[in-house]
Structures are given as C-alpha cells and as structure tokens.
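Report on the structure given below.
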Amino acid sequence: MEQKIERYIDNTLDNIGPQLFLGNIILGIILIFLGIIFIVKKSSKRNLKTVGLFCVGFGGVSIVSGLAQI
C-alpha cells in the first residue's frame, strides 16, 4: 500500500514538473518588474528601494533556477 502511494505521488509530481519550472520563471519575471517599479517609484523611505532590490535579486535567482531545472 505504501509503495502504491509513493508511486502515485511520484507520477503526479513528474506530470506537473514542467509547469512548476515555467511557473518559477514567470514568477521571477513578475518579481523583477515589481522590483523595478519599487526602485523607480519616488519615495522618501529608503526601505522601498531596498525591497525593490531584493525583489529584483530574488526574481533573477528564480529565473536562473527555472532555466537550470529545465
């Protein structure tokens, strides 16, 4: 019974794997655009620019990770 459950989970994850990689790339692109908006937006707070830089950084890592996994 345990082996049937493990095979079912493995098959399910194998089937949705490519969609997860593509989703990772799309999420990275969205994070980069959001980060650019935060960086360009005029704000008196430095925190918004820091959040923008983190978004751009995490977005770039997400895209590289998705491309490497494909």
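If you're wondering about the labels, chains in the structure tokens are A, B, ... by order shown, residues count from 1 in each chain, ligands from 1 in order shown.
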Could you name the residues that touch stretch 27-40 of chain A at 8 Å or less, counting only C-alpha atoms, but leaving out those on the same chain fewer than 5 positions away, as a list in words?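 Near stretch 27-40 of chain A, the qualifying residues are Leu48, Lys49, Thr50, Val51, Gly52, Leu53, Phe54, Cys55, Val56, Gly57, Phe58, Gly59, Gly60, Val61, Ser62 and Ile63 of chain A.
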Between atom CA of A:Asp14 and atom CA of A:Glu2, what is the distance in Å, rounded to a tenth?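 Atom-to-atom, atom CA of A:Asp14 and atom CA of A:Glu2 are spaced 18.3 Å apart.
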9 Å contact set for A:Leu67, only C-alpha atoms, chain neighbours under 5 positions out, as a list in words: Phe21, Leu22, Asn24, Ile25 and Ser62 of chain A
